[in-house]
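Structure below is query08.txt: compact mmCIF, C-alpha atoms and all ligand atoms.
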```
# COMPACT_ATOMS: atom_id res chain seq x y z
CA MET A 648 -20.81 -49.06 -0.68
CA LEU A 649 -18.90 -51.99 0.81
CA ILE A 650 -15.84 -51.04 -1.16
CA GLY A 651 -16.08 -47.62 0.44
CA ILE A 652 -16.12 -49.21 3.88
CA LEU A 653 -13.06 -51.33 3.19
CA GLU A 654 -11.12 -48.38 1.84
CA ASP A 655 -12.11 -46.39 4.87
CA VAL A 656 -10.72 -48.90 7.34
CA THR A 657 -7.63 -50.12 5.56
CA ASN A 658 -6.09 -47.00 4.08
CA THR A 659 -3.00 -45.37 5.52
CA VAL A 660 -2.79 -41.67 6.09
CA LEU A 661 1.00 -41.56 5.91
CA ASP A 662 0.59 -39.97 2.49
CA SER A 663 -1.06 -37.01 4.15
CA ILE A 664 1.91 -36.33 6.43
CA PRO A 665 3.66 -33.40 4.73
CA GLN A 666 7.20 -34.23 3.62
CA PRO A 667 9.93 -31.59 3.22
CA GLY A 668 9.90 -30.28 -0.36
CA PRO A 669 12.95 -29.89 -2.64
CA GLY A 670 15.33 -27.24 -1.38
CA SER A 671 13.67 -27.15 2.02
CA THR A 672 16.63 -28.57 3.92
CA SER A 673 15.62 -27.66 7.43
CA PRO A 674 18.20 -26.11 9.71
CA SER A 675 16.52 -28.04 12.56
CA LYS A 676 18.42 -31.09 13.68
CA LYS A 677 15.39 -32.40 15.47
CA ARG A 678 13.85 -35.38 13.74
CA VAL A 679 10.94 -37.76 13.96
CA LEU A 680 11.86 -41.35 13.11
CA LEU A 681 8.64 -43.00 12.02
CA LEU A 682 9.02 -46.74 12.40
CA LYS A 683 7.67 -49.18 9.84
CA PRO A 684 5.97 -51.58 10.24
CA ARG A 685 3.72 -49.97 12.84
CA GLY A 686 0.03 -49.85 13.67
CA PHE A 687 -2.75 -52.07 12.38
CA CYS A 688 -1.98 -55.74 11.85
CA ALA A 689 -3.95 -58.05 9.56
CA GLY A 690 -6.04 -59.42 12.45
CA VAL A 691 -7.11 -55.95 13.54
CA VAL A 692 -7.94 -54.77 10.00
CA ARG A 693 -10.04 -57.91 9.56
CA ALA A 694 -11.88 -57.48 12.88
CA ILE A 695 -12.73 -53.82 12.21
CA ASP A 696 -13.82 -54.65 8.65
CA ILE A 697 -16.11 -57.35 10.04
CA VAL A 698 -17.91 -54.92 12.36
CA LYS A 699 -18.27 -52.26 9.68
CA ILE A 700 -19.53 -54.70 7.06
CA ALA A 701 -21.95 -56.26 9.57
CA LEU A 702 -23.35 -52.83 10.42
CA GLU A 703 -23.69 -51.98 6.74
CA THR A 704 -25.35 -55.23 5.64
CA PHE A 705 -27.45 -56.18 8.69
CA GLY A 706 -27.99 -52.71 10.19
CA ALA A 707 -27.65 -51.60 13.82
CA PRO A 708 -27.71 -52.77 16.48
CA ILE A 709 -24.81 -55.20 16.21
CA TYR A 710 -23.50 -56.41 19.57
CA VAL A 711 -19.77 -56.92 20.10
CA ARG A 712 -18.47 -58.97 23.02
CA ARG A 713 -15.66 -56.98 24.68
CA GLU A 714 -13.58 -54.40 22.79
CA ILE A 715 -13.26 -55.63 19.20
CA VAL A 716 -9.58 -54.59 19.43
CA HIS A 717 -7.89 -52.90 22.36
CA ASN A 718 -8.09 -49.30 21.20
CA ARG A 719 -10.44 -46.71 22.63
CA TYR A 720 -10.54 -44.57 19.46
CA VAL A 721 -11.54 -47.56 17.31
CA VAL A 722 -14.18 -48.69 19.79
CA ASN A 723 -15.71 -45.19 20.04
CA GLU A 724 -15.76 -44.85 16.26
CA LEU A 725 -17.60 -48.17 15.84
CA ALA A 726 -19.98 -47.37 18.72
CA ALA A 727 -20.89 -44.12 16.94
CA LYS A 728 -21.83 -46.20 13.88
CA GLY A 729 -24.18 -48.40 15.91
CA ALA A 730 -22.06 -51.18 17.44
CA ILE A 731 -23.00 -51.99 21.04
CA PHE A 732 -20.07 -53.24 23.12
CA VAL A 733 -20.96 -55.61 25.96
CA HIS A 734 -18.86 -57.39 28.51
CA GLU A 735 -20.58 -60.76 28.42
CA ILE A 736 -22.87 -62.81 26.22
CA ASP A 737 -25.56 -62.51 28.92
CA ASP A 738 -25.70 -58.77 28.12
CA VAL A 739 -26.89 -59.50 24.54
CA PRO A 740 -30.68 -59.81 24.05
CA ASP A 741 -31.90 -63.27 22.89
CA GLY A 742 -31.65 -63.96 19.18
CA GLN A 743 -29.53 -60.89 18.37
CA ARG A 744 -26.36 -60.78 16.29
CA VAL A 745 -23.07 -60.76 18.22
CA ILE A 746 -19.45 -60.45 17.08
CA TYR A 747 -16.60 -62.08 19.02
CA SER A 748 -13.55 -59.84 19.35
CA ALA A 749 -10.16 -60.42 17.69
CA HIS A 750 -8.86 -61.88 20.98
CA GLY A 751 -11.07 -64.98 20.77
CA VAL A 752 -13.48 -66.67 23.17
CA SER A 753 -13.60 -69.89 25.17
CA PRO A 754 -15.86 -72.82 24.28
CA ALA A 755 -18.02 -71.87 27.29
CA VAL A 756 -18.83 -68.53 25.61
CA ARG A 757 -19.72 -70.32 22.37
CA GLU A 758 -22.04 -72.61 24.30
CA ARG A 759 -23.75 -69.68 26.02
CA SER A 760 -24.31 -68.01 22.64
CA LYS A 761 -25.90 -71.21 21.33
CA GLY A 762 -28.17 -71.40 24.36
CA ARG A 763 -29.31 -67.82 23.77
CA ASN A 764 -29.94 -68.40 20.05
CA LEU A 765 -27.51 -65.63 19.10
CA LYS A 766 -26.36 -65.14 15.53
CA VAL A 767 -22.59 -65.26 15.89
CA ILE A 768 -19.96 -63.64 13.71
CA ASP A 769 -16.46 -64.66 14.75
CA ALA A 770 -13.77 -61.97 14.38
CA THR A 771 -11.15 -64.00 16.28
CA CYS A 772 -7.76 -63.45 14.64
CA PRO A 773 -6.72 -66.62 12.76
CA LEU A 774 -3.39 -66.53 14.62
CA VAL A 775 -5.23 -66.71 17.95
CA THR A 776 -7.36 -69.57 16.60
CA LYS A 777 -4.12 -71.41 15.79
CA VAL A 778 -3.16 -71.27 19.50
CA HIS A 779 -6.62 -72.57 20.49
CA PHE A 780 -6.18 -75.57 18.14
CA GLU A 781 -2.77 -76.29 19.68
CA ALA A 782 -4.25 -76.17 23.18
CA VAL A 783 -6.95 -78.68 22.24
CA LYS A 784 -4.41 -80.96 20.53
CA PHE A 785 -1.99 -81.04 23.49
CA ALA A 786 -4.80 -81.57 25.99
CA LYS A 787 -6.18 -84.51 23.95
CA GLN A 788 -2.69 -86.04 23.89
CA GLY A 789 -2.60 -86.01 27.69
CA TYR A 790 -0.16 -83.14 28.25
CA SER A 791 -0.25 -80.66 31.10
CA LEU A 792 -0.32 -77.31 29.38
CA VAL A 793 1.66 -74.25 30.46
CA LEU A 794 0.21 -71.12 28.91
CA ILE A 795 2.62 -68.19 29.00
CA GLY A 796 0.76 -64.88 29.14
CA HIS A 797 -1.13 -62.32 31.16
CA ARG A 798 -4.01 -63.79 33.20
CA ASP A 799 -6.28 -60.78 32.90
CA HIS A 800 -6.04 -60.54 29.09
CA ASP A 801 -9.07 -61.51 26.97
CA GLU A 802 -6.90 -63.75 24.77
CA ILE A 803 -5.60 -65.80 27.70
CA GLU A 804 -9.13 -66.15 29.09
CA GLY A 805 -10.24 -67.62 25.74
CA THR A 806 -7.28 -69.98 25.25
CA LEU A 807 -7.37 -71.16 28.87
CA GLY A 808 -11.01 -72.08 28.35
CA GLU A 809 -10.11 -74.70 25.73
CA ALA A 810 -8.61 -77.03 28.37
CA PRO A 811 -9.10 -75.40 31.78
CA ASP A 812 -8.47 -78.57 33.83
CA VAL A 813 -4.94 -79.12 32.51
CA THR A 814 -3.82 -75.56 31.75
CA HIS A 815 -1.60 -73.46 34.05
CA VAL A 816 -0.99 -69.80 33.23
CA VAL A 817 2.46 -68.39 34.02
CA SER A 818 3.58 -64.82 33.41
CA ASN A 819 7.17 -64.82 34.70
CA VAL A 820 10.13 -67.00 35.59
CA ALA A 821 9.26 -67.03 39.32
CA GLU A 822 5.90 -68.62 38.50
CA VAL A 823 7.68 -71.30 36.45
CA GLU A 824 9.85 -72.12 39.47
CA ALA A 825 6.77 -72.49 41.68
CA LEU A 826 4.97 -74.72 39.16
CA GLU A 827 4.01 -78.26 40.28
CA LEU A 828 2.66 -80.56 37.54
CA PRO A 829 1.34 -84.14 37.80
CA ASP A 830 3.78 -85.64 35.24
CA PRO A 831 6.91 -83.51 34.62
CA ASN A 832 7.70 -85.66 31.56
CA ARG A 833 4.45 -84.81 29.78
CA VAL A 834 4.31 -81.05 29.60
CA ALA A 835 3.62 -78.70 26.67
CA TYR A 836 3.74 -74.92 26.47
CA LEU A 837 1.98 -72.28 24.40
CA THR A 838 2.16 -68.49 24.53
CA GLN A 839 -0.06 -65.46 24.14
CA THR A 840 0.39 -63.95 20.65
CA THR A 841 1.41 -60.49 21.88
CA LEU A 842 4.22 -61.15 24.37
CA SER A 843 7.65 -59.60 24.52
CA LEU A 844 10.04 -61.83 22.54
CA ASP A 845 12.74 -61.38 25.20
CA GLU A 846 10.46 -62.16 28.14
CA ALA A 847 8.94 -65.19 26.40
CA ARG A 848 12.43 -66.50 25.59
CA ASP A 849 13.45 -66.28 29.27
CA ILE A 850 10.28 -68.01 30.46
CA ILE A 851 10.58 -70.77 27.84
CA HIS A 852 14.23 -71.24 28.85
CA ALA A 853 13.17 -71.62 32.51
CA LEU A 854 10.49 -74.15 31.47
CA LYS A 855 13.05 -76.20 29.51
CA GLU A 856 15.38 -76.22 32.51
CA LYS A 857 12.62 -77.40 34.82
CA PHE A 858 10.89 -79.80 32.38
CA PRO A 859 13.58 -81.08 29.97
CA HIS A 860 11.03 -83.10 27.92
CA ILE A 861 8.67 -80.16 27.44
CA VAL A 862 7.24 -79.71 23.93
CA GLY A 863 5.99 -76.54 22.26
CA PRO A 864 4.17 -75.38 19.14
CA HIS A 865 5.63 -76.12 15.68
CA SER A 866 6.06 -72.41 15.04
CA GLN A 867 6.12 -69.74 17.72
CA ASP A 868 2.77 -68.40 18.90
CA ILE A 869 3.98 -64.79 19.16
CA CYS A 870 2.55 -63.39 15.96
CA TYR A 871 4.36 -61.79 13.03
CA ALA A 872 2.95 -58.32 13.83
CA THR A 873 4.07 -58.38 17.46
CA GLU A 874 7.51 -59.58 16.41
CA ASN A 875 7.95 -57.12 13.53
CA ARG A 876 7.00 -54.09 15.64
CA GLN A 877 9.40 -55.14 18.41
CA VAL A 878 12.22 -55.77 15.92
CA ALA A 879 11.66 -52.31 14.43
CA VAL A 880 11.95 -50.74 17.90
CA ARG A 881 15.11 -52.75 18.63
CA ASN A 882 16.68 -51.54 15.40
CA VAL A 883 15.91 -47.87 15.82
CA ALA A 884 15.68 -47.18 19.58
CA HIS A 885 19.42 -46.51 19.88
CA GLN A 886 19.10 -43.58 17.45
CA ALA A 887 16.40 -41.88 19.53
CA GLY A 888 16.26 -40.08 22.86
CA LEU A 889 12.57 -40.89 23.20
CA LEU A 890 10.19 -43.49 21.80
CA LEU A 891 6.48 -42.73 21.67
CA VAL A 892 4.18 -45.73 21.22
CA VAL A 893 0.67 -44.87 20.08
CA GLY A 894 -1.74 -47.32 21.69
CA SER A 895 -4.21 -47.84 24.52
CA THR A 896 -3.17 -48.88 28.02
CA ASN A 897 -4.93 -52.25 27.74
CA SER A 898 -3.15 -53.13 24.48
CA SER A 899 -0.66 -55.88 25.30
CA ASN A 900 1.54 -55.54 22.22
CA SER A 901 1.72 -51.74 22.66
CA ASN A 902 2.91 -52.09 26.26
CA ARG A 903 5.56 -54.56 25.13
CA LEU A 904 6.96 -52.00 22.66
CA VAL A 905 7.50 -49.54 25.52
CA GLU A 906 9.26 -52.27 27.52
CA VAL A 907 11.55 -53.15 24.61
CA SER A 908 12.59 -49.52 24.31
CA ARG A 909 13.16 -49.06 28.05
CA ASN A 910 15.16 -52.31 28.23
CA LEU A 911 17.45 -50.83 25.58
CA GLY A 912 17.91 -47.67 27.65
CA THR A 913 15.70 -45.40 25.54
CA MET A 914 12.93 -43.57 27.37
CA GLY A 915 9.59 -44.87 26.12
CA HIS A 916 5.99 -43.82 26.73
CA LEU A 917 2.62 -45.26 25.73
CA ILE A 918 0.21 -42.56 24.55
CA ASP A 919 -3.38 -42.66 23.32
CA ASP A 920 -2.82 -39.58 21.17
CA SER A 921 -0.87 -36.31 21.04
CA GLN A 922 -2.73 -34.89 24.03
CA ALA A 923 -0.99 -37.43 26.27
CA ILE A 924 2.48 -36.12 25.40
CA HIS A 925 4.15 -34.29 28.30
CA PRO A 926 6.16 -31.37 26.86
CA GLU A 927 8.98 -32.04 29.34
CA TRP A 928 9.60 -35.44 27.67
CA LEU A 929 10.87 -33.56 24.62
CA VAL A 930 13.36 -31.34 26.45
CA GLY A 931 16.91 -32.06 25.28
CA VAL A 932 15.76 -34.73 22.80
CA GLU A 933 17.06 -34.55 19.23
CA ASN A 934 15.35 -37.59 17.72
CA VAL A 935 11.93 -38.93 18.66
CA ALA A 936 11.02 -42.39 17.39
CA VAL A 937 7.30 -42.98 16.85
CA THR A 938 5.56 -46.31 16.45
CA ALA A 939 2.08 -47.70 17.08
CA GLY A 940 0.70 -50.90 18.53
CA ALA A 941 -1.17 -53.34 16.30
CA SER A 942 -4.58 -51.93 17.28
CA ALA A 943 -3.75 -48.21 16.93
CA PRO A 944 -5.06 -46.43 13.81
CA GLU A 945 -2.77 -44.40 11.57
CA VAL A 946 -4.86 -41.27 12.09
CA LEU A 947 -3.54 -41.11 15.68
CA VAL A 948 0.04 -41.49 14.47
CA GLU A 949 -0.55 -38.59 12.11
CA ASP A 950 -1.85 -36.53 15.03
CA VAL A 951 1.33 -37.26 17.04
CA VAL A 952 3.61 -36.42 14.11
CA LYS A 953 1.74 -33.14 13.59
CA TYR A 954 2.23 -32.25 17.28
CA LEU A 955 5.95 -33.03 17.06
CA ARG A 956 6.33 -30.93 13.90
CA GLN A 957 4.67 -28.03 15.68
CA ASN A 958 7.11 -28.46 18.56
CA GLY A 959 10.34 -28.22 16.61
CA PHE A 960 10.72 -31.75 15.19
CA GLU A 961 10.37 -30.61 11.61
CA ASP A 962 12.08 -33.46 9.77
CA VAL A 963 10.08 -36.65 9.50
CA GLU A 964 11.91 -39.71 8.28
CA GLU A 965 10.17 -43.05 7.82
CA VAL A 966 12.46 -45.91 8.78
CA GLU A 967 11.30 -49.18 7.22
CA VAL A 968 12.95 -52.02 9.07
CA MET A 969 11.18 -54.76 7.11
CA PRO A 970 8.33 -55.08 4.63
CA GLU A 971 5.01 -56.38 5.92
CA ASN A 972 2.16 -57.40 3.69
CA VAL A 973 -0.16 -59.81 5.45
CA ARG A 974 -3.92 -60.00 4.86
CA PHE A 975 -6.51 -62.38 6.27
CA GLY A 976 -9.74 -63.46 4.59
CA LEU A 977 -13.14 -62.66 6.07
CA PRO A 978 -15.22 -65.28 7.95
CA PRO A 979 -17.94 -67.16 5.99
CA GLU A 980 -20.82 -65.32 7.73
CA ILE A 981 -19.49 -62.03 6.38
CA VAL A 982 -18.60 -63.37 2.93
CA GLN A 983 -22.18 -64.66 2.61
CA ALA A 984 -23.56 -61.32 3.79
CA ILE A 985 -21.55 -59.49 1.14
CA GLY A 986 -22.74 -61.98 -1.49
CA SER A 987 -26.41 -61.51 -0.52
CA ALA A 988 -26.09 -57.72 -0.38
CA SER A 989 -24.54 -57.52 -3.84
CA GLY A 990 -26.71 -60.30 -5.32
CA SER A 991 -23.61 -62.25 -6.40
CA ALA A 992 -22.33 -65.66 -5.38
CA PRO A 993 -20.26 -65.71 -2.17
CA VAL A 994 -16.53 -65.36 -2.69
CA PRO A 995 -14.40 -68.13 -1.17
CA VAL A 996 -12.58 -67.37 2.10
CA HIS A 997 -8.82 -67.92 2.17
S1 LIG A 1001 -1.58 -58.72 17.10
FE1 LIG A 1001 -1.20 -60.66 16.01
S2 LIG A 1001 -2.56 -62.14 16.97
FE2 LIG A 1001 -3.30 -60.11 17.57
S3 LIG A 1001 -4.84 -59.58 16.03
FE3 LIG A 1001 -2.89 -58.79 15.27
S4 LIG A 1001 -2.06 -60.44 13.93
FE4 LIG A 1001 -3.66 -61.33 15.22
```
Translate the structure described by the file into structure tokens.
Ligand code: SF4
Amino acid sequence: MLIGILEDVTNTVLDSIPQPGPGSTSPSKKRVLLLKPRGFCAGVVRAIDIVKIALETFGAPIYVRREIVHNRYVVNELAAKGAIFVHEIDDVPDGQRVIYSAHGVSPAVRERSKGRNLKVIDATCPLVTKVHFEAVKFAKQGYSLVLIGHRDHDEIEGTLGEAPDVTHVVSNVAEVEALELPDPNRVAYLTQTTLSLDEARDIIHALKEKFPHIVGPHSQDICYATENRQVAVRNVAHQAGLLLVVGSTNSSNSNRLVEVSRNLGTMGHLIDDSQAIHPEWLVGVENVAVTAGASAPEVLVEDVVKYLRQNGFEDVEEVEVMPENVRFGLPPEIVQAIGSASGSAPVPVH
């Protein structure tokens, strides 16, 4: 049964997109350029798997703090299976099981869960956890911490909570210029995992100008999935008259893909699904590039491609800019649950 669940959440439906058969060279010049990599990242696959496995092994209800990933379709699908999405820990009844979303939580949230006797399953993406560890390390070493990101995003709320007294959130160069810190020689920076590479570079440059001794993380905090999807857009946008990004409006990495396209002069729009496409966007366009944010499922990409095919974009060409093959292990609570359900010893987590 569990194998069925994992197949259900991790498979790709690209195979089901009809490809032109031999001898069917279409007279249409209109094309869909389907970017790869696109869609689900390893952190999102892991988070969705965690909710589905928890529902299967423990049974409903399973509470989830905030949207498990920022995609309405995914959230609705999990809610239909019995997941109850709440805004805060206080909305979970005492002693119940709660899952933290892929965006992570602050230590204050962990404390509140303890106080309420909740059974916690942590679906925080390991790449977000890495940023939390860095925040704790810099704060312990006496640095003022500049956190580059969007204040209202769940991830920034969680990371900020690791060292709230010494952390300053900035989201643009103007905010760097206005920044006053107690010791300009002891400053460190970190970033949200889903920023625009270009924007982050400009902000980090401004920080280095203002605080020449500033230190940063050993490896960049912007994650591989965010970077790869932006690089794919950069490589292909010039071939297209329009870029459609499948993703929800509150998905940070999806919004950044639209910005990358627009900055390159290619019209870009963020769409939840094919119903959000305005027919006038397609007028006079020969090539439409299609990608998807890291939390958008492939089934919605398929829906968009089908719409485009029906509207004259008959050739679909997948453009693979780079291979991507990242997987994350499941958290111990879930590994143990699988072990108990199958009667076998728990498998180690990597
Ligand atoms: S976008 Fe990056 S940081 Fe966020 S869940 Fe995916 S892999 Fe993790």
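Residue nearest ligand LIG 1001 (chain A), chosen from A:Ser843, A:Asn910, A:Asn958, A:Ser921 and counting only C-alpha atoms and all ligand atoms: A:Ser843.
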Which value, in Å to one decimal, gives the distance between CA of Asn882 (chain A) and CA of Phe975 (chain A)? 27.2 Å
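The nearest approach to Ile768 (chain A) among the residues A:Tyr747, A:Asp920, A:Thr838, A:Val752, with all atoms listed in the file taken into account, belongs to A:Tyr747.
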Close residues to ligand LIG 1001 (chain A) using only C-alpha atoms and all ligand atoms, limit 10 Å, as number ranges by chain: A: 686-694, 715-717, 748-751, 770-778, 802, 839-842, 868-874, 876, 898-901, 940-942, 973-975
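Using all atoms listed in the file, every residue with an atom at most 8 Å from the point (-19.7, -57.2, 23.2) is listed here: Tyr710, Val711, Arg712, Arg713, Glu714, Ile715, Ile731, Phe732, Val733, His734, Glu735, Ile736, Asp738, Val739, Val745, Ile746, Tyr747 and Ser748 of chain A.
Shortest atom-to-atom contact with Val722 (chain A) among A:Ala936, A:Gly789, A:Arg881, A:Ala943: A:Ala943, counting all atoms listed in the file.
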Using only C-alpha atoms, determine which residues lie at most 7 Å from region 823-832 of chain A, disregarding the query and same-chain residues fewer than 5 positions distant; provide the list as an mmCIF file with C-alpha atoms, keeping the file's coordinate frame.
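Done, and the output landed in result_17.cif:
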```cif
data_model
loop_
_atom_site.group_PDB
_atom_site.id
_atom_site.type_symbol
_atom_site.label_atom_id
_atom_site.label_comp_id
_atom_site.auth_asym_id
_atom_site.auth_seq_id
_atom_site.Cartn_x
_atom_site.Cartn_y
_atom_site.Cartn_z
ATOM 1 C CA VAL A 817 2.460 -68.390 34.020
ATOM 2 C CA ALA A 853 13.170 -71.620 32.510
ATOM 3 C CA LEU A 854 10.490 -74.150 31.470
ATOM 4 C CA PHE A 858 10.890 -79.800 32.380
ATOM 5 C CA HIS A 860 11.030 -83.100 27.920
ATOM 6 C CA ILE A 861 8.670 -80.160 27.440
#
```
Please compute the CA of Ala726 (chain A)-CA of Ile695 (chain A) distance, one decimal, in Å. 11.7 Å
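Each of A:Ser791, A:Ser987, A:Thr806, A:Asn875 was compared to Leu844 (chain A) using all atoms listed in the file, and A:Asn875 turns out to be the nearest.
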Which of these residues is nearest to Arg903 (chain A), using all atoms listed in the file: A:Glu846, A:Asp741, A:Asp950, A:Glu822? A:Glu846
Nearest to Gln877 (chain A), chosen from A:Asp696, A:Gly729, A:Glu703, A:Leu911, with only C-alpha atoms counted in the distances: A:Leu911
One decimal place gives the CA of Arg744 (chain A)-CA of Asp769 (chain A) separation as 10.7 Å
For a cut-off of 10 Å around (3.8, -76.9, 27.6), file coordinates, pick out all residues using all atoms listed in the file and list them as an MDAnalysis selection string. chainID A and resid 782 785:786 790:795 814:815 833:838 851 854:855 858 860:864
I want to know what sits within 10 Å of Ala884 (chain A), based on only C-alpha atoms, with residues of the same chain fewer than 3 positions away left out; could you give that as a ChimeraX atom specification? /A:680,682,878-881,887-890,907-909,911-915,934-937
